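Heads up, work21.csv below (CSV, N, CA, C and O atoms):
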chain,number,residue,atom,x,y,z
G,1,VAL,N,-19.6,54.6,10.3
G,1,VAL,CA,-20.6,55.5,10.9
G,1,VAL,C,-21.9,55.1,10.3
G,1,VAL,O,-22.1,55.0,9.1
G,2,LEU,N,-22.9,54.8,11.2
G,2,LEU,CA,-24.2,54.5,10.7
G,2,LEU,C,-24.9,55.7,10.2
G,2,LEU,O,-24.9,56.8,10.8
G,3,VAL,N,-25.6,55.5,9.0
G,3,VAL,CA,-26.3,56.6,8.4
G,3,VAL,C,-27.6,56.1,7.8
G,3,VAL,O,-27.9,54.9,7.8
G,4,ARG,N,-28.5,57.0,7.4
G,4,ARG,CA,-29.8,56.7,6.8
G,4,ARG,C,-29.6,56.7,5.3
G,4,ARG,O,-28.9,57.6,4.7
G,5,PRO,N,-30.3,55.8,4.5
G,5,PRO,CA,-30.3,55.9,3.1
G,5,PRO,C,-30.9,57.2,2.5
G,5,PRO,O,-31.8,57.8,3.2
G,6,GLU,N,-30.4,57.6,1.4
G,6,GLU,CA,-30.9,58.8,0.7
G,6,GLU,C,-31.1,60.0,1.6
G,6,GLU,O,-32.1,60.7,1.6
G,7,THR,N,-30.0,60.3,2.3
G,7,THR,CA,-30.0,61.4,3.2
G,7,THR,C,-28.7,62.3,2.9
G,7,THR,O,-27.7,61.7,2.7
G,8,LYS,N,-28.9,63.6,3.1
G,8,LYS,CA,-27.7,64.5,2.9
G,8,LYS,C,-27.1,64.6,4.3
G,8,LYS,O,-27.7,64.8,5.3
G,9,TYR,N,-25.7,64.6,4.3
G,9,TYR,CA,-25.0,64.8,5.5
G,9,TYR,C,-23.9,65.8,5.3
G,9,TYR,O,-23.4,66.0,4.2
G,10,HIS,N,-23.5,66.4,6.4
G,10,HIS,CA,-22.4,67.3,6.4
G,10,HIS,C,-21.3,66.8,7.5
G,10,HIS,O,-21.6,66.7,8.6
G,11,LEU,N,-20.2,66.5,7.0
G,11,LEU,CA,-19.1,66.0,7.8
G,11,LEU,C,-18.1,67.1,8.0
G,11,LEU,O,-17.7,67.8,7.0
G,12,SER,N,-17.7,67.4,9.2
G,12,SER,CA,-16.7,68.5,9.5
G,12,SER,C,-15.6,67.9,10.4
G,12,SER,O,-15.9,67.0,11.2
G,13,PHE,N,-14.4,68.5,10.3
G,13,PHE,CA,-13.3,68.1,11.1
G,13,PHE,C,-12.2,69.2,11.0
G,13,PHE,O,-12.3,70.1,10.2
G,14,ALA,N,-11.3,69.1,11.9
G,14,ALA,CA,-10.1,70.0,11.9
G,14,ALA,C,-8.9,69.2,11.6
G,14,ALA,O,-8.8,68.0,12.0
G,15,ALA,N,-7.9,69.8,10.9
G,15,ALA,CA,-6.6,69.1,10.6
G,15,ALA,C,-5.5,70.1,10.7
G,15,ALA,O,-5.7,71.3,10.5
G,16,MET,N,-4.3,69.6,11.1
G,16,MET,CA,-3.1,70.4,11.1
G,16,MET,C,-2.0,69.5,10.6
G,16,MET,O,-1.8,68.3,11.1
G,17,GLY,N,-1.2,69.9,9.7
G,17,GLY,CA,-0.1,69.2,9.2
G,17,GLY,C,1.2,69.9,9.5
G,17,GLY,O,1.3,71.1,9.6
G,18,ARG,N,2.3,69.1,9.6
G,18,ARG,CA,3.6,69.6,9.8
G,18,ARG,C,4.6,68.9,8.9
G,18,ARG,O,4.7,67.7,8.9
G,19,GLU,N,5.2,69.7,8.0
G,19,GLU,CA,6.2,69.2,7.1
G,19,GLU,C,5.8,68.0,6.3
G,19,GLU,O,6.5,67.1,6.1
G,20,ILE,N,4.6,68.1,5.7
G,20,ILE,CA,4.0,67.0,4.9
G,20,ILE,C,4.7,67.1,3.5
G,20,ILE,O,4.5,68.1,2.8
G,21,VAL,N,5.4,66.1,3.1
G,21,VAL,CA,6.0,66.0,1.8
G,21,VAL,C,5.7,64.7,1.1
G,21,VAL,O,6.0,63.7,1.6
G,22,SER,N,4.9,64.8,0.0
G,22,SER,CA,4.6,63.6,-0.8
G,22,SER,C,3.9,64.0,-2.1
G,22,SER,O,3.3,65.1,-2.1
G,23,ALA,N,4.1,63.2,-3.1
G,23,ALA,CA,3.4,63.4,-4.4
G,23,ALA,C,1.9,63.0,-4.2
G,23,ALA,O,1.1,63.4,-5.0
G,24,GLY,N,1.6,62.2,-3.2
G,24,GLY,CA,0.3,61.8,-2.9
G,24,GLY,C,-0.2,62.3,-1.6
G,24,GLY,O,-0.1,61.7,-0.5
G,25,VAL,N,-0.6,63.6,-1.6
G,25,VAL,CA,-1.0,64.3,-0.4
G,25,VAL,C,-2.2,63.6,0.3
G,25,VAL,O,-3.1,63.2,-0.4
G,26,PRO,N,-2.2,63.6,1.7
G,26,PRO,CA,-3.4,63.0,2.4
G,26,PRO,C,-4.7,63.8,2.2
G,26,PRO,O,-4.7,65.0,2.0
G,27,ILE,N,-5.8,63.0,2.1
G,27,ILE,CA,-7.1,63.5,2.1
G,27,ILE,C,-8.0,62.6,3.0
G,27,ILE,O,-7.6,61.5,3.4
G,28,VAL,N,-9.1,63.2,3.5
G,28,VAL,CA,-10.1,62.4,4.2
G,28,VAL,C,-11.2,62.0,3.2
G,28,VAL,O,-11.7,62.8,2.5
G,29,SER,N,-11.5,60.7,3.1
G,29,SER,CA,-12.5,60.2,2.1
G,29,SER,C,-13.6,59.6,2.9
G,29,SER,O,-13.5,59.1,4.0
G,30,VAL,N,-14.8,59.7,2.3
G,30,VAL,CA,-16.0,59.0,2.8
G,30,VAL,C,-16.5,58.1,1.7
G,30,VAL,O,-16.7,58.4,0.5
G,31,ARG,N,-16.6,56.8,2.1
G,31,ARG,CA,-17.0,55.8,1.1
G,31,ARG,C,-18.3,55.1,1.6
G,31,ARG,O,-18.5,54.9,2.8
G,32,ASP,N,-19.1,54.6,0.7
G,32,ASP,CA,-20.3,53.8,1.0
G,32,ASP,C,-19.9,52.4,1.4
G,32,ASP,O,-19.4,51.7,0.6
G,33,ALA,N,-20.1,52.1,2.7
G,33,ALA,CA,-19.7,50.7,3.2
G,33,ALA,C,-20.6,49.6,2.6
G,33,ALA,O,-20.1,48.5,2.6
G,34,SER,N,-21.8,49.9,2.0
G,34,SER,CA,-22.6,48.9,1.5
G,34,SER,C,-22.4,48.6,0.0
G,34,SER,O,-23.0,47.7,-0.5
G,35,ASP,N,-21.7,49.5,-0.6
G,35,ASP,CA,-21.5,49.3,-2.1
G,35,ASP,C,-20.2,48.5,-2.3
G,35,ASP,O,-19.1,48.9,-1.9
G,36,PRO,N,-20.4,47.3,-3.0
G,36,PRO,CA,-19.2,46.5,-3.3
G,36,PRO,C,-18.1,47.2,-4.0
G,36,PRO,O,-16.9,46.9,-3.8
G,37,ALA,N,-18.4,48.2,-4.8
G,37,ALA,CA,-17.4,48.9,-5.6
G,37,ALA,C,-16.8,50.0,-4.7
G,37,ALA,O,-15.9,50.7,-5.1
G,38,ARG,N,-17.4,50.2,-3.5
G,38,ARG,CA,-17.0,51.2,-2.6
G,38,ARG,C,-16.9,52.6,-3.2
G,38,ARG,O,-15.9,53.3,-3.2
G,39,ALA,N,-18.1,53.0,-3.7
G,39,ALA,CA,-18.3,54.2,-4.4
G,39,ALA,C,-17.8,55.4,-3.4
G,39,ALA,O,-18.0,55.3,-2.2
G,40,LEU,N,-17.3,56.4,-4.0
G,40,LEU,CA,-16.8,57.5,-3.2
G,40,LEU,C,-17.8,58.7,-3.3
G,40,LEU,O,-17.8,59.5,-4.2
G,41,PRO,N,-18.6,58.9,-2.2
G,41,PRO,CA,-19.5,60.0,-2.2
G,41,PRO,C,-18.9,61.3,-1.9
G,41,PRO,O,-19.5,62.3,-2.1
G,42,GLY,N,-17.7,61.3,-1.3
G,42,GLY,CA,-17.1,62.6,-0.9
G,42,GLY,C,-15.7,62.5,-0.4
G,42,GLY,O,-15.3,61.4,0.1
G,43,GLN,N,-15.0,63.6,-0.6
G,43,GLN,CA,-13.6,63.6,-0.1
G,43,GLN,C,-13.2,65.1,0.2
G,43,GLN,O,-13.8,66.0,-0.4
G,44,SER,N,-12.3,65.3,1.1
G,44,SER,CA,-11.8,66.6,1.5
G,44,SER,C,-10.9,67.2,0.5
G,44,SER,O,-10.4,66.5,-0.4
G,45,LEU,N,-10.6,68.4,0.7
G,45,LEU,CA,-9.5,69.1,0.0
G,45,LEU,C,-8.2,68.5,0.5
G,45,LEU,O,-8.2,67.9,1.6
G,46,PRO,N,-7.1,68.6,-0.2
G,46,PRO,CA,-5.8,68.0,0.3
G,46,PRO,C,-5.4,68.6,1.7
G,46,PRO,O,-5.6,69.8,1.9
G,47,LEU,N,-4.9,67.7,2.5
G,47,LEU,CA,-4.5,68.1,3.9
G,47,LEU,C,-3.0,68.5,3.9
G,47,LEU,O,-2.2,67.7,4.2
G,48,ARG,N,-2.8,69.7,3.5
G,48,ARG,CA,-1.4,70.1,3.3
G,48,ARG,C,-0.9,70.8,4.6
G,48,ARG,O,-1.6,71.1,5.4
G,49,SER,N,0.4,71.0,4.6
G,49,SER,CA,1.0,71.7,5.8
G,49,SER,C,1.5,73.1,5.5
G,49,SER,O,2.3,73.6,6.2
G,50,ASP,N,1.0,73.6,4.4
G,50,ASP,CA,1.5,75.0,4.0
G,50,ASP,C,0.8,76.1,4.7
G,50,ASP,O,1.1,77.3,4.5
G,51,VAL,N,-0.1,75.8,5.6
G,51,VAL,CA,-0.8,76.8,6.4
G,51,VAL,C,-0.5,76.5,7.9
G,51,VAL,O,-0.7,75.3,8.3
G,52,ALA,N,-0.1,77.5,8.6
G,52,ALA,CA,0.2,77.2,10.1
G,52,ALA,C,-1.1,77.1,10.9
G,52,ALA,O,-2.1,77.8,10.6
G,53,GLY,N,-1.1,76.2,11.8
G,53,GLY,CA,-2.2,76.0,12.7
G,53,GLY,C,-3.3,75.1,12.2
G,53,GLY,O,-3.2,74.5,11.1
G,54,TRP,N,-4.4,75.0,13.0
G,54,TRP,CA,-5.5,74.1,12.7
G,54,TRP,C,-6.3,74.8,11.6
G,54,TRP,O,-6.6,76.0,11.6
G,55,ARG,N,-6.8,73.9,10.7
G,55,ARG,CA,-7.8,74.3,9.6
G,55,ARG,C,-9.0,73.5,9.7
G,55,ARG,O,-9.0,72.3,10.0
G,56,ASP,N,-10.1,74.2,9.4
G,56,ASP,CA,-11.4,73.5,9.4
G,56,ASP,C,-11.7,72.9,8.0
G,56,ASP,O,-11.4,73.6,7.0
G,57,PHE,N,-12.2,71.7,7.9
G,57,PHE,CA,-12.6,71.1,6.6
G,57,PHE,C,-14.0,70.6,6.7
G,57,PHE,O,-14.5,70.3,7.8
G,58,SER,N,-14.7,70.4,5.6
G,58,SER,CA,-16.0,69.9,5.5
G,58,SER,C,-16.2,69.1,4.2
G,58,SER,O,-15.6,69.4,3.2
G,59,ILE,N,-17.1,68.1,4.3
G,59,ILE,CA,-17.5,67.3,3.2
G,59,ILE,C,-19.0,67.2,3.2
G,59,ILE,O,-19.5,66.7,4.2
G,60,ASP,N,-19.7,67.5,2.1
G,60,ASP,CA,-21.1,67.2,2.0
G,60,ASP,C,-21.3,66.0,1.1
G,60,ASP,O,-20.7,65.8,0.1
G,61,ILE,N,-22.1,65.1,1.7
G,61,ILE,CA,-22.4,63.8,1.0
G,61,ILE,C,-23.9,63.5,0.9
G,61,ILE,O,-24.6,64.1,1.8
G,62,THR,N,-24.3,62.7,0.0
G,62,THR,CA,-25.6,62.2,-0.1
G,62,THR,C,-25.5,60.7,-0.2
G,62,THR,O,-24.9,60.2,-1.1
G,63,THR,N,-26.2,60.0,0.8
G,63,THR,CA,-26.1,58.6,0.8
G,63,THR,C,-27.0,58.0,-0.3
G,63,THR,O,-28.0,58.6,-0.7
G,64,GLY,N,-26.6,56.8,-0.7
G,64,GLY,CA,-27.4,56.1,-1.7
G,64,GLY,C,-28.6,55.4,-1.2
G,64,GLY,O,-28.8,55.4,0.0
G,65,ALA,N,-29.4,54.8,-2.0
G,65,ALA,CA,-30.6,54.1,-1.7
G,65,ALA,C,-30.4,52.9,-0.7
G,65,ALA,O,-31.3,52.6,0.1
G,66,LYS,N,-29.2,52.3,-0.8
G,66,LYS,CA,-29.0,51.1,0.1
G,66,LYS,C,-27.9,51.4,1.1
G,66,LYS,O,-27.5,50.5,1.9
G,67,THR,N,-27.5,52.7,1.2
G,67,THR,CA,-26.4,53.0,2.2
G,67,THR,C,-26.9,53.0,3.6
G,67,THR,O,-27.9,53.6,4.0
G,68,GLU,N,-26.3,52.2,4.5
G,68,GLU,CA,-26.6,52.1,5.9
G,68,GLU,C,-25.4,52.5,6.8
G,68,GLU,O,-25.6,52.8,7.9
G,69,ALA,N,-24.2,52.6,6.1
G,69,ALA,CA,-23.0,53.0,6.9
G,69,ALA,C,-22.0,53.6,5.9
G,69,ALA,O,-22.0,53.2,4.7
G,70,VAL,N,-21.2,54.5,6.4
G,70,VAL,CA,-20.1,55.0,5.6
G,70,VAL,C,-18.8,54.8,6.3
G,70,VAL,O,-18.8,54.7,7.6
G,71,LEU,N,-17.7,54.7,5.5
G,71,LEU,CA,-16.4,54.6,6.1
G,71,LEU,C,-15.7,55.9,5.9
G,71,LEU,O,-15.7,56.4,4.8
G,72,ILE,N,-15.1,56.4,7.0
G,72,ILE,CA,-14.4,57.7,6.9
G,72,ILE,C,-12.9,57.3,7.1
G,72,ILE,O,-12.6,56.7,8.1
G,73,SER,N,-12.1,57.6,6.2
G,73,SER,CA,-10.7,57.2,6.3
G,73,SER,C,-9.7,58.3,5.7
G,73,SER,O,-10.1,59.2,5.0
G,74,VAL,N,-8.5,58.1,6.2
G,74,VAL,CA,-7.4,59.0,5.6
G,74,VAL,C,-6.8,58.2,4.5
G,74,VAL,O,-6.4,57.1,4.7
G,75,GLU,N,-6.7,58.8,3.4
G,75,GLU,CA,-6.1,58.2,2.2
G,75,GLU,C,-5.1,59.2,1.6
G,75,GLU,O,-5.0,60.3,2.1
G,76,ARG,N,-4.5,58.8,0.5
G,76,ARG,CA,-3.6,59.7,-0.2
G,76,ARG,C,-4.1,59.9,-1.6
G,76,ARG,O,-4.7,58.9,-2.2
G,77,GLN,N,-3.9,61.1,-2.2
G,77,GLN,CA,-4.2,61.3,-3.6
G,77,GLN,C,-3.4,60.4,-4.4
G,77,GLN,O,-2.3,59.9,-4.0
G,78,ASN,N,-3.8,60.2,-5.7
G,78,ASN,CA,-3.0,59.3,-6.6
G,78,ASN,C,-1.6,59.8,-6.7
G,78,ASN,O,-1.4,61.0,-6.8
G,79,CYS,N,-0.7,58.9,-6.8
G,79,CYS,CA,0.7,59.2,-6.9
G,79,CYS,C,1.3,58.4,-8.1
G,79,CYS,O,1.1,57.2,-8.1
G,80,ASN,N,2.0,59.1,-9.0
G,80,ASN,CA,2.5,58.4,-10.2
G,80,ASN,C,3.8,57.7,-9.9
G,80,ASN,O,4.3,56.9,-10.7
G,81,ALA,N,4.4,58.0,-8.7
G,81,ALA,CA,5.7,57.4,-8.4
G,81,ALA,C,5.5,56.0,-7.7
G,81,ALA,O,4.5,55.8,-7.0
G,82,ASP,N,6.4,55.1,-7.9
G,82,ASP,CA,6.3,53.8,-7.2
G,82,ASP,C,7.7,53.4,-6.8
G,82,ASP,O,8.5,53.1,-7.7
G,83,PRO,N,8.0,53.4,-5.5
G,83,PRO,CA,7.1,53.7,-4.4
G,83,PRO,C,6.8,55.2,-4.3
G,83,PRO,O,7.5,56.0,-4.9
G,84,CYS,N,5.9,55.5,-3.5
G,84,CYS,CA,5.5,56.9,-3.3
G,84,CYS,C,5.6,57.2,-1.8
G,84,CYS,O,4.7,57.1,-1.0
G,85,PRO,N,6.8,57.7,-1.4
G,85,PRO,CA,7.0,57.9,0.0
G,85,PRO,C,6.3,59.2,0.5
G,85,PRO,O,5.9,60.0,-0.3
G,86,ALA,N,6.0,59.2,1.8
G,86,ALA,CA,5.3,60.3,2.4
G,86,ALA,C,6.1,60.6,3.7
G,86,ALA,O,6.4,59.6,4.5
G,87,PHE,N,6.2,61.8,4.0
G,87,PHE,CA,6.9,62.3,5.2
G,87,PHE,C,6.1,63.4,5.9
G,87,PHE,O,5.4,64.1,5.2
G,88,GLY,N,6.2,63.5,7.2
G,88,GLY,CA,5.6,64.6,7.9
G,88,GLY,C,4.6,64.0,9.0
G,88,GLY,O,4.6,62.8,9.2
G,89,VAL,N,3.9,65.0,9.6
G,89,VAL,CA,3.0,64.6,10.6
G,89,VAL,C,1.6,65.3,10.3
G,89,VAL,O,1.5,66.4,9.9
G,90,LEU,N,0.5,64.5,10.6
G,90,LEU,CA,-0.8,65.0,10.4
G,90,LEU,C,-1.7,64.7,11.6
G,90,LEU,O,-1.7,63.6,12.1
G,91,TRP,N,-2.3,65.8,12.1
G,91,TRP,CA,-3.2,65.6,13.2
G,91,TRP,C,-4.6,65.9,12.8
G,91,TRP,O,-4.9,66.8,12.0
G,92,LEU,N,-5.6,65.1,13.2
G,92,LEU,CA,-7.0,65.2,12.9
G,92,LEU,C,-7.8,65.3,14.2
G,92,LEU,O,-7.5,64.6,15.2
G,93,ASP,N,-8.9,66.1,14.2
G,93,ASP,CA,-9.6,66.3,15.5
G,93,ASP,C,-11.0,66.8,15.2
G,93,ASP,O,-11.3,67.2,14.1
G,94,SER,N,-11.9,66.7,16.2
G,94,SER,CA,-13.2,67.3,16.1
G,94,SER,C,-14.1,66.8,15.0
G,94,SER,O,-14.8,67.6,14.3
G,95,PHE,N,-14.2,65.5,14.7
G,95,PHE,CA,-15.0,65.0,13.7
G,95,PHE,C,-16.5,65.1,14.1
G,95,PHE,O,-16.8,64.8,15.3
G,96,SER,N,-17.3,65.5,13.2
G,96,SER,CA,-18.8,65.7,13.5
G,96,SER,C,-19.5,65.4,12.2
G,96,SER,O,-19.1,65.9,11.1
G,97,ILE,N,-20.6,64.6,12.2
G,97,ILE,CA,-21.4,64.3,11.1
G,97,ILE,C,-22.8,64.6,11.4
G,97,ILE,O,-23.3,64.1,12.5
G,98,LYS,N,-23.5,65.4,10.6
G,98,LYS,CA,-24.9,65.8,10.9
G,98,LYS,C,-25.7,65.7,9.6
G,98,LYS,O,-25.3,66.0,8.5
G,99,ALA,N,-27.0,65.2,9.8
G,99,ALA,CA,-27.9,65.1,8.7
G,99,ALA,C,-28.3,66.5,8.4
G,99,ALA,O,-28.5,67.4,9.2
G,100,ARG,N,-28.5,66.8,7.1
G,100,ARG,CA,-28.9,68.1,6.6
G,100,ARG,C,-30.4,68.0,6.0
G,100,ARG,O,-30.8,67.0,5.6
G,101,GLN,N,-31.0,69.1,6.1
G,101,GLN,CA,-32.4,69.2,5.6
G,101,GLN,C,-32.4,69.4,4.1
G,101,GLN,O,-31.7,70.1,3.6
How does the structure come out when it is put into structure tokens?
Amino acid sequence: VLVRPETKYHLSFAAMGREIVSAGVPIVSVRDASDPARALPGQSLPLRSDVAGWRDFSIDITTGAKTEAVLISVERQNCNADPCPAFGVLWLDSFSIKARQ
């Protein structure tokens, strides 16, 4: 997603999980696409399936001086098991990103 440098943004989305089982629970992450180290300016709370129905999530980020784009991705929290299996279903919807004042 294209963004402006040194700007605050609010990312919102909805998620619903069903029977998600894993030691590495899914999260939505926002990373700086221009940073070679792929710094992590923001991430969601874990996307668990312990609540019935759709849940709203949001992430507040501030872009860096050289940030021109961010990557929004679904990742998993760190897992100490190897391999780290994951089971279940995850739905994501209604993504919106807005600059904040």
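The nearest approach to G:Thr63 among the residues G:Gly88, G:Pro5, G:Pro83, G:Gly24, with all atoms listed in the file taken into account, belongs to G:Pro5.
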* To do: Please provide as a VMD selection string all residues within 6 Å of stretch 49-51 of chain G, with the sequence filter that same-chain residues fewer than 5 positions apart are discarded (counting only N, CA, C and O atoms).
  => chain G and resid 17 to 20
Output file for the residues above (N, CA, C and O atoms, as a PDB file, in the coordinates of the input):
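Once everything was written out, this is again36.pdb:
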ATOM      1  N   GLY G  17      -1.200  69.900   9.700  1.00  0.00           N
ATOM      2  CA  GLY G  17      -0.100  69.200   9.200  1.00  0.00           C
ATOM      3  C   GLY G  17       1.200  69.900   9.500  1.00  0.00           C
ATOM      4  O   GLY G  17       1.300  71.100   9.600  1.00  0.00           O
ATOM      5  N   ARG G  18       2.300  69.100   9.600  1.00  0.00           N
ATOM      6  CA  ARG G  18       3.600  69.600   9.800  1.00  0.00           C
ATOM      7  C   ARG G  18       4.600  68.900   8.900  1.00  0.00           C
ATOM      8  O   ARG G  18       4.700  67.700   8.900  1.00  0.00           O
ATOM      9  N   GLU G  19       5.200  69.700   8.000  1.00  0.00           N
ATOM     10  CA  GLU G  19       6.200  69.200   7.100  1.00  0.00           C
ATOM     11  C   GLU G  19       5.800  68.000   6.300  1.00  0.00           C
ATOM     12  O   GLU G  19       6.500  67.100   6.100  1.00  0.00           O
ATOM     13  N   ILE G  20       4.600  68.100   5.700  1.00  0.00           N
ATOM     14  CA  ILE G  20       4.000  67.000   4.900  1.00  0.00           C
ATOM     15  C   ILE G  20       4.700  67.100   3.500  1.00  0.00           C
ATOM     16  O   ILE G  20       4.500  68.100   2.800  1.00  0.00           O
TER      17      ILE G  20
END
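Distance-wise, atom O of G:Pro41 and atom N of G:Ala99 end up 14.4 Å apart.
Residue nearest G:Leu40, chosen from G:Val3, G:Thr62, G:Leu90, G:Ile97 and counting only C-alpha atoms: G:Thr62.
Nearest to G:Leu2 of all the residues G:Ala69, G:Val28, G:Leu47, G:Ala23 is G:Ala69, based on all atoms listed in the file.
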* Å distance separating atom CA of G:Val70 from atom CA of G:Arg100, one decimal place -> 15.8 Å
* **Which of G:Phe95, G:Thr7, G:Ala14, G:Ile27 sits closest to G:Ser73 [using only N, CA, C and O atoms]** => G:Ile27
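Taking atom N of G:Asp93 as the reference point, atom CA of G:Val21 is found at 19.4 Å.
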For G:Leu71, find every residue with an atom within 7 Å (counting all atoms listed in the file), except residues of its own chain fewer than 5 positions away, and show them as a PDB file with N, CA, C and O atoms, in the coordinates of the input.
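Result file around.pdb:
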ATOM      1  N   VAL G   1     -19.600  54.600  10.300  1.00  0.00           N
ATOM      2  CA  VAL G   1     -20.600  55.500  10.900  1.00  0.00           C
ATOM      3  C   VAL G   1     -21.900  55.100  10.300  1.00  0.00           C
ATOM      4  O   VAL G   1     -22.100  55.000   9.100  1.00  0.00           O
ATOM      5  N   SER G  29     -11.500  60.700   3.100  1.00  0.00           N
ATOM      6  CA  SER G  29     -12.500  60.200   2.100  1.00  0.00           C
ATOM      7  C   SER G  29     -13.600  59.600   2.900  1.00  0.00           C
ATOM      8  O   SER G  29     -13.500  59.100   4.000  1.00  0.00           O
ATOM      9  N   VAL G  30     -14.800  59.700   2.300  1.00  0.00           N
ATOM     10  CA  VAL G  30     -16.000  59.000   2.800  1.00  0.00           C
ATOM     11  C   VAL G  30     -16.500  58.100   1.700  1.00  0.00           C
ATOM     12  O   VAL G  30     -16.700  58.400   0.500  1.00  0.00           O
ATOM     13  N   ARG G  31     -16.600  56.800   2.100  1.00  0.00           N
ATOM     14  CA  ARG G  31     -17.000  55.800   1.100  1.00  0.00           C
ATOM     15  C   ARG G  31     -18.300  55.100   1.600  1.00  0.00           C
ATOM     16  O   ARG G  31     -18.500  54.900   2.800  1.00  0.00           O
ATOM     17  N   ASP G  32     -19.100  54.600   0.700  1.00  0.00           N
ATOM     18  CA  ASP G  32     -20.300  53.800   1.000  1.00  0.00           C
ATOM     19  C   ASP G  32     -19.900  52.400   1.400  1.00  0.00           C
ATOM     20  O   ASP G  32     -19.400  51.700   0.600  1.00  0.00           O
ATOM     21  N   ALA G  33     -20.100  52.100   2.700  1.00  0.00           N
ATOM     22  CA  ALA G  33     -19.700  50.700   3.200  1.00  0.00           C
ATOM     23  C   ALA G  33     -20.600  49.600   2.600  1.00  0.00           C
ATOM     24  O   ALA G  33     -20.100  48.500   2.600  1.00  0.00           O
ATOM     25  N   GLY G  42     -17.700  61.300  -1.300  1.00  0.00           N
ATOM     26  CA  GLY G  42     -17.100  62.600  -0.900  1.00  0.00           C
ATOM     27  C   GLY G  42     -15.700  62.500  -0.400  1.00  0.00           C
ATOM     28  O   GLY G  42     -15.300  61.400   0.100  1.00  0.00           O
TER      29      GLY G  42
END
* Would you list, as a count of residues only, the residues of chain G that end up in strand (DSSP E) under DSSP run on this structure's backbone? => 52
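The residue that comes closest to G:Ser58, out of G:Lys98, G:Glu6, G:Gln43, G:Ile72 and on the basis of all atoms listed in the file, is G:Gln43.
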* Select, from G:Ala86, G:Pro26, G:Ala15, G:Ser34, the residue with the minimum atom-to-atom distance to G:Gly64, counting only C-alpha atoms. => G:Ser34
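All residues that come within 7 Å of the coordinates (-19.5, 70.7, 8.8), counting only N, CA, C and O atoms, are given as His10, Leu11, Ser12, Phe13, Phe57, Ser58, Ile59, Ser96 and Lys98 of chain G.
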